[in-house]
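Report on the following structure.
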Amino acid sequence: MAFTRATGKHRRPSRFTRTTANVAGVAAITTTGVIGGLASPALAAEHTAMEQTGLTKAISIGDSLAEQIDAQAAAQQQAAEEAAAKAKAEAEAEAEAARQAEEAKRKAEAKAKAEREAKQRAAREAERKRLNTYVMPITGSYVSTGYKASSGLWSSGSHTGIDFHAASGTSVHAVGSGTVVEAGWGGAYGNNIVIKMNDGTYTQYGHLSSIGVSVGQTVTPGQQIGLSGATGNTTGPHLHFEARTGPDYGSDIDPVAYLRGHGVNV
């Protein structure tokens, strides 16, 4: 049984009426759906397709999110791997720089050592040459009386050495390296010094006003050993110089030839 209610031309449906209609509409749709599902295969298929389409869309959205997550994870992993590779490369670069610095330091030290050794060898060689060098007994002087000159001033009748011109107090030098074997009064030689040279010969320095070395002392070329003077048998200040094969009088050899033989320009 149905109930109807006139509304009139200008009368709005009541709230109850609107609600009932809405409910009836819903019921009709639901009933239609049920009936359609039972009575109309085409409608059922269409409804199923709509449901499948909605499900597929939901799955599609889920797959896209998963792909985004996977992509983000892959990007993070790649970034981590790149960071690790960068850190490894930096560590290797630092290690290589340290190795190169250590190698450069080693080479610099080796070079400095070689230079020091070269300088030391050069210094030793220079010292060796210096010690084997002979010099004039008086710098800038000249021979005033030659070897074997004849005169009654000498007991042997001839000069056993050479005289170098020198004012009293002029510095007298050892002509080469050797050891002092005599230093003191020498009779006619006055104050004198005798040095045994390193080559086994002897040199004598006479008429000195002052003696500056002692017996047993080693001397080097050019070292001051005393001052010239006029002590002993002499007519004036000068240096009497002798070269000998032995320490005593009578073993003299030509002093000029001796000095020239050792590279001294006399």
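Identifiers in the structure tokens: chain A, B, ... in order shown; residue index from 1 per chain; ligand index from 1 in order shown.
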Among the residues of stretch 108-190 of chain A, find those DSSP assigns to alpha helix (DSSP H) from the backbone and print them as a list of chain:residue names. A:Ala108, A:Glu109, A:Ala110, A:Lys111, A:Ala112, A:Lys113, A:Ala114, A:Glu115, A:Arg116, A:Glu117, A:Ala118, A:Lys119, A:Gln120, A:Arg121, A:Ala122, A:Ala123, A:Arg124, A:Glu125, A:Ala126, A:Glu127, A:Arg128, A:Lys129, A:Arg130, A:Leu131
Keeping only C-alpha atoms, take the residues you just selected and write them out as a short mmCIF file (atom, residue, chain, number, x, y, z; two decimals), in the first residue's frame.
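Generated output (out.cif):
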```
data_model
loop_
_atom_site.label_atom_id
_atom_site.label_comp_id
_atom_site.auth_asym_id
_atom_site.auth_seq_id
_atom_site.Cartn_x
_atom_site.Cartn_y
_atom_site.Cartn_z
CA ALA A 108 117.06 15.58 -0.37
CA GLU A 109 118.81 13.95 2.58
CA ALA A 110 120.82 11.73 0.25
CA LYS A 111 121.75 14.75 -1.86
CA ALA A 112 122.72 16.76 1.22
CA LYS A 113 124.78 13.83 2.49
CA ALA A 114 126.50 13.47 -0.87
CA GLU A 115 127.22 17.19 -0.95
CA ARG A 116 128.62 17.08 2.60
CA GLU A 117 130.80 14.11 1.73
CA ALA A 118 131.96 15.84 -1.45
CA LYS A 119 132.83 18.97 0.53
CA GLN A 120 134.64 16.88 3.13
CA ARG A 121 136.59 15.07 0.42
CA ALA A 122 137.43 18.37 -1.22
CA ALA A 123 138.49 19.81 2.13
CA ARG A 124 140.65 16.77 2.86
CA GLU A 125 142.17 16.93 -0.58
CA ALA A 126 142.81 20.64 -0.19
CA GLU A 127 144.37 20.03 3.20
CA ARG A 128 146.48 17.20 1.81
CA LYS A 129 147.69 19.43 -0.98
CA ARG A 130 148.34 22.24 1.47
CA LEU A 131 150.34 19.97 3.72
#
```
Which residues in stretch 73-182 of chain A does DSSP call strand (DSSP E or B)? List them as a list in words. Val143, Ser144, Thr145, Ser150, Ser158, Ile162, Asp163, Phe164, His165, Ser171, Val172, His173, Gly178, Thr179, Val180, Val181 and Glu182 of chain A
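With distances restricted to only C-alpha atoms, A:Ser168 is the closest residue to A:His238 from A:Ser151, A:Ser168, A:Gln78, A:Thr139.
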Taking only C-alpha atoms into account, produce a table as CSV in which each residue of stretch 127-229 of chain A with an atom at most 9 Å from an atom of stretch 244-248 of chain A appears once, together with its shortest atom pair and the distance in Å to one decimal, ordered by chain and rising number.
```
residue,atom,partner,partner_atom,distance
A:Val181,CA,A:Pro247,CA,8.0
A:Glu182,CA,A:Pro247,CA,8.6
A:Val194,CA,A:Pro247,CA,7.0
A:Ile195,CA,A:Pro247,CA,8.1
A:Lys196,CA,A:Pro247,CA,7.4
A:Gly200,CA,A:Thr245,CA,7.7
A:Thr201,CA,A:Thr245,CA,5.1
A:Tyr202,CA,A:Arg244,CA,4.9
A:Thr203,CA,A:Arg244,CA,6.1
A:Gln204,CA,A:Arg244,CA,7.9
```
Using only C-alpha atoms, which of the listed residues (A:Glu242, A:Glu67, A:Glu103, A:Asp163) sits closest to A:Ile193? A:Glu242
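Using only C-alpha atoms, the smallest distance between any of A:Ala75, A:Val213, A:Ile253, A:Ala84 and A:His173 comes from A:Val213.
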